[in-house]
>>> print(open('target33.cif').read())   # mmCIF, C-alpha atoms and all ligand atoms
data_final
#
loop_
_atom_site.label_atom_id
_atom_site.label_comp_id
_atom_site.auth_asym_id
_atom_site.auth_seq_id
_atom_site.Cartn_x
_atom_site.Cartn_y
_atom_site.Cartn_z
CA MET Z 1 40.20 -2.32 16.16
CA THR Z 2 42.32 0.82 16.10
CA ASP Z 3 41.10 4.20 17.33
CA ALA Z 4 41.33 5.46 13.76
CA GLN Z 5 39.07 2.68 12.49
CA LYS Z 6 36.57 3.38 15.21
CA HIS Z 7 36.57 7.10 14.49
CA LEU Z 8 36.07 6.54 10.80
CA ALA Z 9 33.12 4.27 11.55
CA LEU Z 10 31.61 6.78 13.96
CA ALA Z 11 31.98 9.62 11.44
CA HIS Z 12 30.26 7.46 8.81
CA PHE Z 13 27.46 6.58 11.23
CA SER Z 14 27.11 10.21 12.24
CA ALA Z 15 26.64 11.29 8.61
CA LEU Z 16 24.00 8.58 8.09
CA ILE Z 17 22.11 9.73 11.18
CA ASP Z 18 22.06 13.34 9.96
CA GLU Z 19 20.86 12.31 6.54
CA GLN Z 20 18.12 10.03 7.83
CA ASP Z 21 17.03 12.66 10.34
CA ALA Z 22 16.67 15.18 7.51
CA ARG Z 23 14.69 12.64 5.46
CA ALA Z 24 12.44 11.84 8.42
CA GLN Z 25 11.66 15.54 8.87
CA ALA Z 26 11.06 16.04 5.16
CA ILE Z 27 8.55 13.22 4.87
CA ALA Z 28 6.77 14.25 8.07
CA THR Z 29 5.89 17.63 6.49
CA GLN Z 30 5.19 16.36 2.98
CA SER Z 31 2.10 17.53 1.12
CA ASP Z 32 -0.69 15.16 0.16
CA PHE Z 33 -1.02 12.96 -2.94
CA LEU Z 34 -0.96 14.78 -6.26
CA ASP Z 35 -4.44 14.81 -7.79
CA TYR Z 36 -4.04 13.87 -11.47
CA ASN Z 37 -7.37 15.50 -12.26
CA THR Z 38 -5.85 18.90 -11.60
CA LEU Z 39 -3.27 18.48 -14.39
CA ASP Z 40 -3.69 19.91 -17.89
CA LYS Z 41 -1.54 17.11 -19.21
CA LEU Z 42 -0.35 13.89 -17.61
CA ILE Z 43 3.12 12.79 -18.65
CA ILE Z 44 3.92 9.07 -18.74
CA GLY Z 45 7.67 8.41 -18.88
CA VAL Z 46 8.75 5.18 -20.55
CA CYS Z 47 12.14 4.02 -19.40
CA GLY Z 48 13.33 0.76 -20.98
CA GLY Z 49 16.12 -0.22 -18.59
CA ASP Z 50 18.45 -2.94 -19.83
CA GLY Z 51 18.65 -6.64 -20.63
CA ILE Z 52 15.15 -7.66 -21.77
CA GLY Z 53 13.84 -4.37 -20.32
CA PRO Z 54 13.63 -2.37 -23.57
CA THR Z 55 11.83 -5.24 -25.35
CA ILE Z 56 9.10 -5.85 -22.77
CA THR Z 57 8.73 -2.15 -21.94
CA ALA Z 58 8.29 -1.10 -25.57
CA GLU Z 59 5.61 -3.75 -25.99
CA SER Z 60 3.76 -2.63 -22.86
CA ALA Z 61 3.99 1.03 -23.89
CA ARG Z 62 2.46 0.09 -27.23
CA VAL Z 63 -0.48 -1.59 -25.48
CA LEU Z 64 -0.90 1.42 -23.17
CA GLN Z 65 -0.78 3.82 -26.12
CA SER Z 66 -3.52 1.91 -27.87
CA LEU Z 67 -5.72 2.03 -24.74
CA LEU Z 68 -5.06 5.74 -24.20
CA ALA Z 69 -5.09 6.80 -27.85
CA ASP Z 70 -8.00 9.23 -27.40
CA ASP Z 71 -6.38 11.04 -24.49
CA VAL Z 72 -3.09 11.25 -26.36
CA ALA Z 73 -4.84 12.65 -29.44
CA ALA Z 74 -6.63 15.20 -27.23
CA GLY Z 75 -3.30 16.29 -25.69
CA LYS Z 76 -4.37 15.16 -22.22
CA ILE Z 77 -1.70 12.48 -21.97
CA GLU Z 78 1.84 12.47 -23.33
CA PHE Z 79 4.17 9.48 -23.57
CA ARG Z 80 7.82 10.40 -23.19
CA THR Z 81 10.72 8.03 -23.84
CA ILE Z 82 13.59 8.28 -21.38
CA ASP Z 83 16.86 6.67 -22.44
CA GLY Z 84 20.05 6.18 -20.51
CA LEU Z 85 19.09 3.90 -17.64
CA THR Z 86 21.26 1.09 -19.03
CA ILE Z 87 23.90 -0.62 -16.96
CA GLU Z 88 26.58 0.56 -19.42
CA ASN Z 89 25.57 4.20 -19.00
CA ARG Z 90 25.10 3.91 -15.25
CA ALA Z 91 28.52 2.29 -14.91
CA ALA Z 92 30.13 4.99 -17.10
CA CYS Z 93 28.58 7.77 -14.93
CA GLY Z 94 29.31 5.85 -11.72
CA LYS Z 95 25.75 6.55 -10.63
CA ALA Z 96 22.69 4.43 -9.94
CA ILE Z 97 20.66 6.97 -11.94
CA PRO Z 98 22.59 9.41 -14.17
CA ASP Z 99 21.70 13.05 -13.41
CA ASP Z 100 20.13 13.77 -16.79
CA VAL Z 101 17.96 10.64 -16.51
CA LEU Z 102 16.78 11.63 -13.04
CA ALA Z 103 15.97 15.15 -14.26
CA ALA Z 104 13.94 13.68 -17.14
CA LEU Z 105 12.11 11.29 -14.78
CA LYS Z 106 11.19 14.18 -12.53
CA GLU Z 107 9.43 15.93 -15.40
CA CYS Z 108 7.00 13.02 -15.64
CA HIS Z 109 4.08 12.15 -13.37
CA VAL Z 110 4.09 8.40 -13.74
CA ILE Z 111 6.77 6.12 -15.12
CA LEU Z 112 6.73 2.73 -16.78
CA LYS Z 113 10.15 1.27 -16.08
CA GLY Z 114 11.76 -1.86 -17.47
CA PRO Z 115 14.01 -4.08 -15.36
CA THR Z 116 17.54 -2.85 -14.74
CA THR Z 117 20.62 -4.90 -13.95
CA THR Z 118 21.66 -4.63 -10.31
CA PRO Z 119 25.44 -4.87 -9.87
CA GLN Z 120 26.73 -6.97 -7.04
CA ALA Z 121 30.25 -7.21 -5.70
CA GLY Z 122 32.47 -9.26 -8.02
CA ASP Z 123 30.32 -9.29 -11.17
CA GLY Z 124 32.54 -6.94 -13.14
CA TRP Z 125 30.33 -3.84 -12.91
CA PRO Z 126 31.16 -1.06 -10.46
CA ASN Z 127 29.26 -1.78 -7.25
CA ILE Z 128 26.75 1.07 -7.67
CA GLU Z 129 23.36 1.01 -5.98
CA SER Z 130 20.45 -0.70 -7.73
CA ALA Z 131 18.62 1.68 -10.08
CA ASN Z 132 15.28 0.45 -8.71
CA VAL Z 133 16.23 1.14 -5.16
CA ALA Z 134 17.75 4.52 -6.07
CA MET Z 135 14.63 5.54 -8.01
CA ARG Z 136 12.33 4.54 -5.16
CA LYS Z 137 14.36 6.77 -2.86
CA ALA Z 138 14.95 9.67 -5.27
CA LEU Z 139 11.23 9.94 -6.11
CA ASP Z 140 10.13 8.94 -2.58
CA LEU Z 141 8.07 6.02 -3.87
CA PHE Z 142 7.32 4.76 -0.41
CA ALA Z 143 4.74 2.09 -1.18
CA ASN Z 144 5.41 -0.98 -3.25
CA MET Z 145 2.07 -2.54 -4.04
CA ARG Z 146 2.18 -6.08 -5.40
CA PRO Z 147 -1.02 -8.00 -6.08
CA VAL Z 148 -1.13 -11.77 -6.44
CA ARG Z 149 -4.34 -13.50 -7.50
CA VAL Z 150 -5.23 -17.11 -8.19
CA PRO Z 151 -9.04 -16.99 -8.07
CA GLU Z 152 -9.56 -20.75 -8.44
CA GLN Z 153 -7.44 -21.31 -5.31
CA GLY Z 154 -9.03 -18.49 -3.34
CA ILE Z 155 -5.79 -16.48 -3.41
CA ASP Z 156 -6.45 -12.74 -3.43
CA TRP Z 157 -3.47 -11.01 -1.89
CA THR Z 158 -2.18 -7.46 -2.06
CA PHE Z 159 1.19 -6.73 -0.51
CA PHE Z 160 2.08 -3.24 0.66
CA ARG Z 161 5.83 -3.37 0.97
CA GLU Z 162 7.46 -0.34 2.59
CA ASN Z 163 9.81 0.79 -0.15
CA THR Z 164 12.29 3.39 1.07
CA GLU Z 165 13.31 2.34 4.57
CA GLY Z 166 14.22 -0.79 6.52
CA ALA Z 167 17.30 -2.68 5.38
CA TYR Z 168 17.22 -0.81 2.06
CA ALA Z 169 17.41 2.77 3.38
CA VAL Z 170 21.20 2.75 3.52
CA GLY Z 171 21.68 -0.77 2.19
CA SER Z 172 24.62 0.15 0.00
CA ARG Z 173 26.28 2.16 2.75
CA GLY Z 174 27.12 -0.26 5.53
CA ILE Z 175 30.68 -0.23 6.85
CA HIS Z 176 33.60 -2.63 6.94
CA ILE Z 177 34.90 -1.39 10.28
CA THR Z 178 37.86 -3.78 10.31
CA ASP Z 179 38.77 -6.74 8.11
CA GLU Z 180 36.90 -8.78 10.65
CA LEU Z 181 33.85 -6.65 11.40
CA ALA Z 182 31.15 -5.36 9.04
CA LEU Z 183 28.00 -3.49 10.00
CA ASP Z 184 24.79 -2.62 8.14
CA PHE Z 185 21.93 -0.41 9.27
CA VAL Z 186 18.15 -0.73 9.36
CA VAL Z 187 15.99 2.40 9.45
CA THR Z 188 12.38 2.87 10.56
CA THR Z 189 10.71 6.27 10.88
CA SER Z 190 7.32 7.05 12.34
CA GLU Z 191 5.93 8.78 9.28
CA GLY Z 192 7.55 6.20 6.99
CA THR Z 193 5.59 3.50 8.82
CA ARG Z 194 2.34 5.39 9.24
CA ARG Z 195 2.07 6.35 5.59
CA ILE Z 196 2.51 2.79 4.29
CA ALA Z 197 0.17 1.36 6.91
CA LYS Z 198 -2.42 4.00 6.10
CA LEU Z 199 -2.23 3.23 2.39
CA ALA Z 200 -2.68 -0.50 3.08
CA TYR Z 201 -5.72 0.07 5.28
CA GLU Z 202 -7.22 2.64 2.90
CA PHE Z 203 -6.83 0.12 0.09
CA ALA Z 204 -8.50 -2.56 2.21
CA ARG Z 205 -11.38 -0.22 3.05
CA ALA Z 206 -11.88 1.00 -0.51
CA ASN Z 207 -11.80 -2.51 -1.94
CA GLY Z 208 -13.84 -4.34 0.68
CA LYS Z 209 -10.93 -6.46 1.92
CA GLU Z 210 -11.74 -7.54 5.43
CA ARG Z 211 -8.29 -8.35 6.78
CA VAL Z 212 -4.89 -6.64 7.04
CA SER Z 213 -1.92 -8.68 8.21
CA ILE Z 214 1.01 -6.77 9.70
CA VAL Z 215 4.24 -8.68 9.13
CA SER Z 216 7.49 -8.20 11.01
CA LYS Z 217 10.18 -9.94 13.01
CA ALA Z 218 9.58 -7.75 16.02
CA ASN Z 219 10.40 -10.57 18.42
CA VAL Z 220 14.06 -10.34 17.37
CA ILE Z 221 14.57 -7.04 15.52
CA LYS Z 222 13.01 -5.30 18.44
CA THR Z 223 13.70 -1.64 17.74
CA THR Z 224 12.96 -1.02 14.08
CA ASP Z 225 10.53 -3.88 13.49
CA GLY Z 226 8.99 -3.24 16.91
CA LYS Z 227 8.29 0.33 15.85
CA PHE Z 228 6.87 -0.81 12.52
CA LEU Z 229 4.51 -3.25 14.22
CA GLY Z 230 3.44 -0.87 16.96
CA LEU Z 231 2.67 2.07 14.68
CA SER Z 232 0.95 -0.08 12.05
CA LYS Z 233 -1.35 -1.41 14.78
CA GLU Z 234 -2.08 2.15 15.85
CA VAL Z 235 -3.07 3.03 12.29
CA GLY Z 236 -5.20 -0.13 12.10
CA ALA Z 237 -7.21 1.02 15.13
CA ASP Z 238 -8.73 3.71 12.90
CA TYR Z 239 -10.28 0.98 10.72
CA PRO Z 240 -12.52 -0.93 13.12
CA GLU Z 241 -14.35 -2.77 10.32
CA ILE Z 242 -11.09 -4.41 9.25
CA THR Z 243 -9.56 -7.32 11.16
CA THR Z 244 -5.88 -6.78 11.91
CA ASP Z 245 -3.60 -9.69 12.60
CA GLU Z 246 0.12 -9.88 13.28
CA TRP Z 247 2.55 -12.34 11.78
CA TYR Z 248 6.24 -12.96 12.06
CA ILE Z 249 7.79 -13.25 8.65
CA ASP Z 250 9.08 -16.81 9.16
CA ILE Z 251 5.73 -18.36 10.02
CA LEU Z 252 3.94 -16.23 7.43
CA THR Z 253 6.29 -17.63 4.78
CA ALA Z 254 5.16 -21.09 5.85
CA LYS Z 255 1.46 -20.22 5.99
CA LEU Z 256 1.44 -18.94 2.42
CA ILE Z 257 1.90 -22.53 1.31
CA ASP Z 258 -0.75 -23.84 3.71
CA GLU Z 259 -3.72 -24.30 1.37
CA LYS Z 260 -6.30 -23.98 4.12
CA ARG Z 261 -4.88 -20.91 5.84
CA ARG Z 262 -3.68 -18.90 2.88
CA ARG Z 263 -7.21 -18.26 1.59
CA ASP Z 264 -7.83 -16.03 4.60
CA PHE Z 265 -5.11 -13.51 3.80
CA ARG Z 266 -6.01 -10.36 1.92
CA VAL Z 267 -3.79 -7.33 2.49
CA PHE Z 268 -0.29 -7.38 3.95
CA VAL Z 269 1.78 -4.48 5.21
CA LEU Z 270 5.43 -5.20 5.80
CA PRO Z 271 8.97 -3.78 5.97
CA ASN Z 272 11.05 -3.54 2.83
CA LEU Z 273 13.22 -6.67 2.91
CA TYR Z 274 10.47 -9.05 4.02
CA GLY Z 275 8.25 -7.59 1.32
CA ASP Z 276 10.94 -8.17 -1.27
CA ILE Z 277 11.36 -11.81 -0.34
CA ILE Z 278 7.78 -12.84 0.23
CA THR Z 279 6.42 -11.23 -2.95
CA ASP Z 280 8.65 -13.50 -5.05
CA GLU Z 281 7.29 -16.50 -3.16
CA ALA Z 282 3.73 -15.24 -3.53
CA ALA Z 283 4.10 -14.57 -7.26
CA GLU Z 284 5.15 -18.19 -7.73
CA PHE Z 285 1.57 -19.31 -6.97
CA GLN Z 286 0.21 -17.36 -9.92
CA GLY Z 287 2.83 -18.58 -12.36
CA GLY Z 288 6.09 -16.97 -11.29
CA VAL Z 289 7.68 -13.54 -11.16
CA GLY Z 290 7.18 -13.20 -14.93
CA THR Z 291 3.45 -12.78 -14.30
CA ALA Z 292 3.62 -10.18 -11.57
CA GLY Z 293 3.53 -6.41 -11.82
CA SER Z 294 4.44 -3.91 -9.17
CA ALA Z 295 3.41 -0.34 -8.41
CA ASN Z 296 5.81 2.00 -6.62
CA ILE Z 297 3.68 4.81 -5.28
CA GLY Z 298 4.65 8.12 -3.77
CA LYS Z 299 2.80 11.36 -3.15
CA ARG Z 300 4.19 13.14 -6.22
CA TYR Z 301 5.41 10.33 -8.49
CA ALA Z 302 4.56 6.72 -9.20
CA MET Z 303 6.55 4.10 -11.07
CA PHE Z 304 5.34 0.77 -12.47
CA GLU Z 305 7.59 -2.18 -13.15
CA ALA Z 306 7.97 -5.95 -13.30
CA ILE Z 307 9.00 -7.68 -10.09
CA HIS Z 308 11.78 -9.58 -11.85
CA GLY Z 309 15.23 -8.68 -13.13
CA SER Z 310 16.64 -7.90 -16.57
CA ALA Z 311 17.57 -11.48 -17.61
CA PRO Z 312 20.92 -10.56 -19.20
CA ARG Z 313 21.43 -14.20 -20.11
CA MET Z 314 18.48 -14.13 -22.48
CA VAL Z 315 20.07 -11.20 -24.27
CA LYS Z 316 23.48 -12.89 -24.38
CA GLU Z 317 21.93 -15.98 -25.88
CA GLY Z 318 20.06 -13.90 -28.48
CA ARG Z 319 16.61 -14.63 -27.04
CA ALA Z 320 15.51 -11.11 -26.02
CA GLN Z 321 12.74 -11.04 -28.63
CA TYR Z 322 11.15 -14.04 -26.88
CA ALA Z 323 10.94 -12.30 -23.50
CA ASP Z 324 7.58 -12.48 -21.75
CA PRO Z 325 5.95 -9.02 -21.41
CA CYS Z 326 3.19 -10.18 -19.00
CA SER Z 327 4.73 -8.74 -15.84
CA MET Z 328 5.09 -5.34 -17.52
CA LEU Z 329 1.59 -5.59 -18.93
CA ARG Z 330 0.21 -6.27 -15.45
CA ALA Z 331 2.24 -3.28 -14.24
CA SER Z 332 0.70 -1.24 -17.05
CA ALA Z 333 -2.76 -2.19 -15.83
CA MET Z 334 -1.76 -0.94 -12.39
CA LEU Z 335 -0.56 2.31 -13.98
CA LEU Z 336 -3.94 2.75 -15.67
CA ALA Z 337 -5.80 2.15 -12.42
CA HIS Z 338 -3.49 4.57 -10.62
CA ILE Z 339 -4.17 7.44 -13.03
CA GLY Z 340 -7.91 6.91 -12.72
CA LYS Z 341 -8.42 4.90 -15.92
CA SER Z 342 -10.05 2.00 -14.15
CA ALA Z 343 -12.20 0.92 -17.11
CA GLU Z 344 -9.06 0.65 -19.29
CA ALA Z 345 -7.23 -1.16 -16.47
CA ASP Z 346 -10.07 -3.68 -16.25
CA ARG Z 347 -10.05 -4.21 -20.01
CA LEU Z 348 -6.31 -4.86 -19.99
CA ASN Z 349 -6.50 -7.21 -17.01
CA ALA Z 350 -9.41 -9.11 -18.55
CA ALA Z 351 -7.47 -9.47 -21.81
CA LEU Z 352 -4.41 -10.67 -19.89
CA ASP Z 353 -6.48 -13.22 -17.95
CA LYS Z 354 -7.69 -14.56 -21.27
CA CYS Z 355 -4.33 -14.50 -23.08
CA MET Z 356 -2.34 -15.87 -20.12
CA THR Z 357 -4.76 -18.41 -18.65
CA THR Z 358 -8.06 -19.26 -20.27
CA GLU Z 359 -7.43 -18.98 -24.02
CA ARG Z 360 -3.65 -19.13 -24.44
CA ALA Z 361 -3.74 -18.97 -28.22
CA LEU Z 362 -0.11 -17.84 -28.03
CA VAL Z 363 2.33 -18.88 -25.34
CA VAL Z 364 5.62 -17.17 -24.54
CA THR Z 365 8.29 -19.64 -23.45
CA GLY Z 366 11.33 -17.38 -23.47
CA ARG Z 367 12.70 -19.33 -26.46
CA ASP Z 368 11.94 -19.86 -30.13
CA THR Z 369 9.60 -22.65 -29.04
CA GLY Z 370 7.09 -19.93 -28.14
CA ALA Z 371 5.70 -16.64 -29.35
CA THR Z 372 7.77 -13.47 -29.56
CA CYS Z 373 7.15 -10.59 -27.21
CA ARG Z 374 5.85 -8.56 -30.15
CA ALA Z 375 3.42 -11.26 -31.29
CA PHE Z 376 2.09 -11.65 -27.76
CA GLY Z 377 1.63 -7.86 -27.54
CA ASP Z 378 -0.41 -7.98 -30.77
CA TYR Z 379 -2.46 -10.83 -29.31
CA VAL Z 380 -3.24 -8.75 -26.21
CA VAL Z 381 -4.19 -5.68 -28.27
CA GLN Z 382 -6.45 -7.78 -30.53
CA THR Z 383 -8.05 -9.38 -27.47
CA ILE Z 384 -8.73 -5.96 -25.95
CA GLU Z 385 -10.29 -4.77 -29.19
CA ALA Z 386 -12.31 -7.94 -29.82
C1 LIG Z 401 12.44 -6.11 -6.48
C2 LIG Z 401 13.86 -6.45 -6.80
C3 LIG Z 401 14.79 -5.35 -6.30
C4 LIG Z 401 14.62 -5.23 -4.80
C5 LIG Z 401 16.25 -5.58 -6.69
C6 LIG Z 401 16.42 -5.73 -8.18
C7 LIG Z 401 17.16 -4.54 -6.14
O1 LIG Z 401 14.19 -7.67 -6.25
O2 LIG Z 401 11.94 -5.09 -6.99
O3 LIG Z 401 11.81 -6.84 -5.72
O4 LIG Z 401 15.34 -5.88 -4.05
O5 LIG Z 401 13.76 -4.47 -4.38
MG MG Z 402 12.60 -8.68 -5.30
#
>>> encode(input="target33.cif", output="structure tokens")
Amino acid sequence: MTDAQKHLALAHFSALIDEQDARAQAIATQSDFLDYNTLDKLIIGVCGGDGIGPTITAESARVLQSLLADDVAAGKIEFRTIDGLTIENRAACGKAIPDDVLAALKECHVILKGPTTTPQAGDGWPNIESANVAMRKALDLFANMRPVRVPEQGIDWTFFRENTEGAYAVGSRGIHITDELALDFVVTTSEGTRRIAKLAYEFARANGKERVSIVSKANVIKTTDGKFLGLSKEVGADYPEITTDEWYIDILTAKLIDEKRRRDFRVFVLPNLYGDIITDEAAEFQGGVGTAGSANIGKRYAMFEAIHGSAPRMVKEGRAQYADPCSMLRASAMLLAHIGKSAEADRLNAALDKCMTTERALVVTGRDTGATCRAFGDYVVQTIEA
């Protein structure tokens, strides 16, 4: 390594430290959660994304609008369409989220967001940051809540994935120091950990879940994961009625497929990357990532999305109209619950249980062998109204 290479790397590192220090200070002095009851009008942004995103998002927005029709008519809720989060537009602007799109998002309170294509080195798109990851950071959506339920197997899990830190905090800004040597960075802050742990425990308390499992790899990633584990345990001490246990991510991954043990898990709190990986595994038990919704919650904003990607191949093969909207519909139910419409959330979830599992009068297969997204949306609306 030359001196120049080393100095460049140090300057880069120095800038990252300053930025993360500023972020740590900002979140430590942040105000509390916005109370939606204090608003004259709640604005729901609908952002289609790309690939199958616009199809499944439009369908979910239609179901939401039917459930919230009275509030919309009374001017208490407004739906607002936000265009421009397509890969083509993001690539043209060279930004993960174009400025005008971000400004429009910030005028909303909650957002229903379709999947967006994430460029990766060598796929032909400029290597911009993922729009999901950028939005989580830009709106400080620090908690990624992902439920997985398979009642007949005793599976009732809710994952609280830390959503703005860990390996993702500066994940697109590692450094190639020399041709030989590359370095990435992992970030943990005290407030970043406490706030996600607190949300997980508060959820457990409010919903009568008797166990919170703190997941890390603190035996190896001693500094950042060690801090995450230590502070989460400290938070857990304030909830004496809840059993806290600690798991390393590797053995937890194994135990999720252990039929006897996995019934005991309820709530998980875990760093960003582990949460990303394990929620795909977990969703597989309830029928795959196409069935799983995800809430990205911050103190001022919240965004609801599918846990899967934009399936560009379906669009290329002309099958977008057969895309399965269930993940976005589950996300829509989470949106309803989040804005205090728990009766409507329950109605939507009950209809989805029926349409997806018990009745299955229409089945989406992703091809012309199954129902279209639109027809399935109609089926859900009719089931809600029945
Ligand atoms: C998710 C996705 C994203 C993530 C991708 C698309 C960047 O996998 O929401 O889990 O890694 O967080
Ligand atoms: Mg993922």
>>> residues_near_ligand(input="target33.cif", ligand="ligand MG 402 (chain Z)", cutoff="10 Å", atoms="all atoms listed in the file", output="PDB file with C-alpha atoms, keeping the file's coordinate frame")
ATOM      1  CA  ASN Z 272      11.050  -3.540   2.830  1.00  0.00           C
ATOM      2  CA  LEU Z 273      13.220  -6.670   2.910  1.00  0.00           C
ATOM      3  CA  TYR Z 274      10.470  -9.050   4.020  1.00  0.00           C
ATOM      4  CA  GLY Z 275       8.250  -7.590   1.320  1.00  0.00           C
ATOM      5  CA  ASP Z 276      10.940  -8.170  -1.270  1.00  0.00           C
ATOM      6  CA  ILE Z 277      11.360 -11.810  -0.340  1.00  0.00           C
ATOM      7  CA  ILE Z 278       7.780 -12.840   0.230  1.00  0.00           C
ATOM      8  CA  THR Z 279       6.420 -11.230  -2.950  1.00  0.00           C
ATOM      9  CA  ASP Z 280       8.650 -13.500  -5.050  1.00  0.00           C
ATOM     10  CA  GLU Z 281       7.290 -16.500  -3.160  1.00  0.00           C
ATOM     11  CA  VAL Z 289       7.680 -13.540 -11.160  1.00  0.00           C
ATOM     12  CA  ALA Z 306       7.970  -5.950 -13.300  1.00  0.00           C
ATOM     13  CA  ILE Z 307       9.000  -7.680 -10.090  1.00  0.00           C
ATOM     14  CA  HIS Z 308      11.780  -9.580 -11.850  1.00  0.00           C
ATOM     15  CA  GLY Z 309      15.230  -8.680 -13.130  1.00  0.00           C
TER      16      GLY Z 309
END
>>> residues_around(input="target33.cif", residues="Z:Ala323", least_positions_apart="3", cutoff="9 Å", atoms="all atoms listed in the file", output="MDAnalysis selection string")
chainID Z and resid 52 55:56 311 314 319:320 364:367 371:373
>>> closest_residue(input="target33.cif", among="Z:Ala169, Z:Val187, Z:Leu256, Z:Val63", to="ligand LIG 401 (chain Z)", atoms="all atoms listed in the file")
Z:Ala169
>>> closest_residue(input="target33.cif", among="Z:Gln30, Z:Gln25, Z:Thr178, Z:Thr117", to="Z:Leu8", atoms="all atoms listed in the file")
Z:Thr178
>>> residues_around(input="target33.cif", residues="Z:Glu359", least_positions_apart="4", cutoff="12 Å", atoms="all atoms listed in the file", output="PyMOL selection string")
chain Z and resi 350-355+363+379-380+383
>>> atom_distance(input="target33.cif", atom1="atom CA of Z:Arg149", atom2="atom CA of Z:Ala283")
8.5 Å
>>> residues_around(input="target33.cif", residues="stretch 38-44 of chain Z", least_positions_apart="5", cutoff="10 Å", atoms="all atoms listed in the file", output="MDAnalysis selection string")
chainID Z and resid 61 71:72 74:81 105 107:112 302:303 335 339
>>> atom_distance(input="target33.cif", atom1="atom CA of Z:Arg266", atom2="atom CA of Z:Glu210")
7.3 Å
>>> atom_distance(input="target33.cif", atom1="atom CA of Z:Asp368", atom2="atom CA of Z:Gly318")
10.2 Å
>>> residues_around(input="target33.cif", residues="stretch 153-158 of chain Z", least_positions_apart="3", cutoff="6 Å", atoms="all atoms listed in the file", output="list in words")
Arg146, Pro147, Val148, Arg149, Val150, Arg263, Arg266 and Val267 of chain Z
>>> residues_near_point(input="target33.cif", point="(10.3, 12.9, 5.4)", cutoff="12 Å", atoms="all atoms listed in the file", output="MDAnalysis selection string")
chainID Z and resid 19:31 137 139:142 164:165 188:195 298:299
>>> closest_residue(input="target33.cif", among="Z:Ser294, Z:Thr57, Z:Asn127, Z:Ser232", to="ligand LIG 401 (chain Z)", atoms="only C-alpha atoms and all ligand atoms")
Z:Ser294
>>> residues_near_point(input="target33.cif", point="(-4.2, -2.7, 4.8)", cutoff="8 Å", atoms="all atoms listed in the file", output="ChimeraX atom specification")
/Z:160,197-205,211-213,236,267-269
>>> closest_residue(input="target33.cif", among="Z:Met356, Z:Val46, Z:Leu270, Z:Leu336", to="Z:Thr291", atoms="all atoms listed in the file")
Z:Met356
>>> closest_residue(input="target33.cif", among="Z:Glu180, Z:Glu305, Z:Asp18, Z:Glu152", to="ligand LIG 401 (chain Z)", atoms="only C-alpha atoms and all ligand atoms")
Z:Glu305
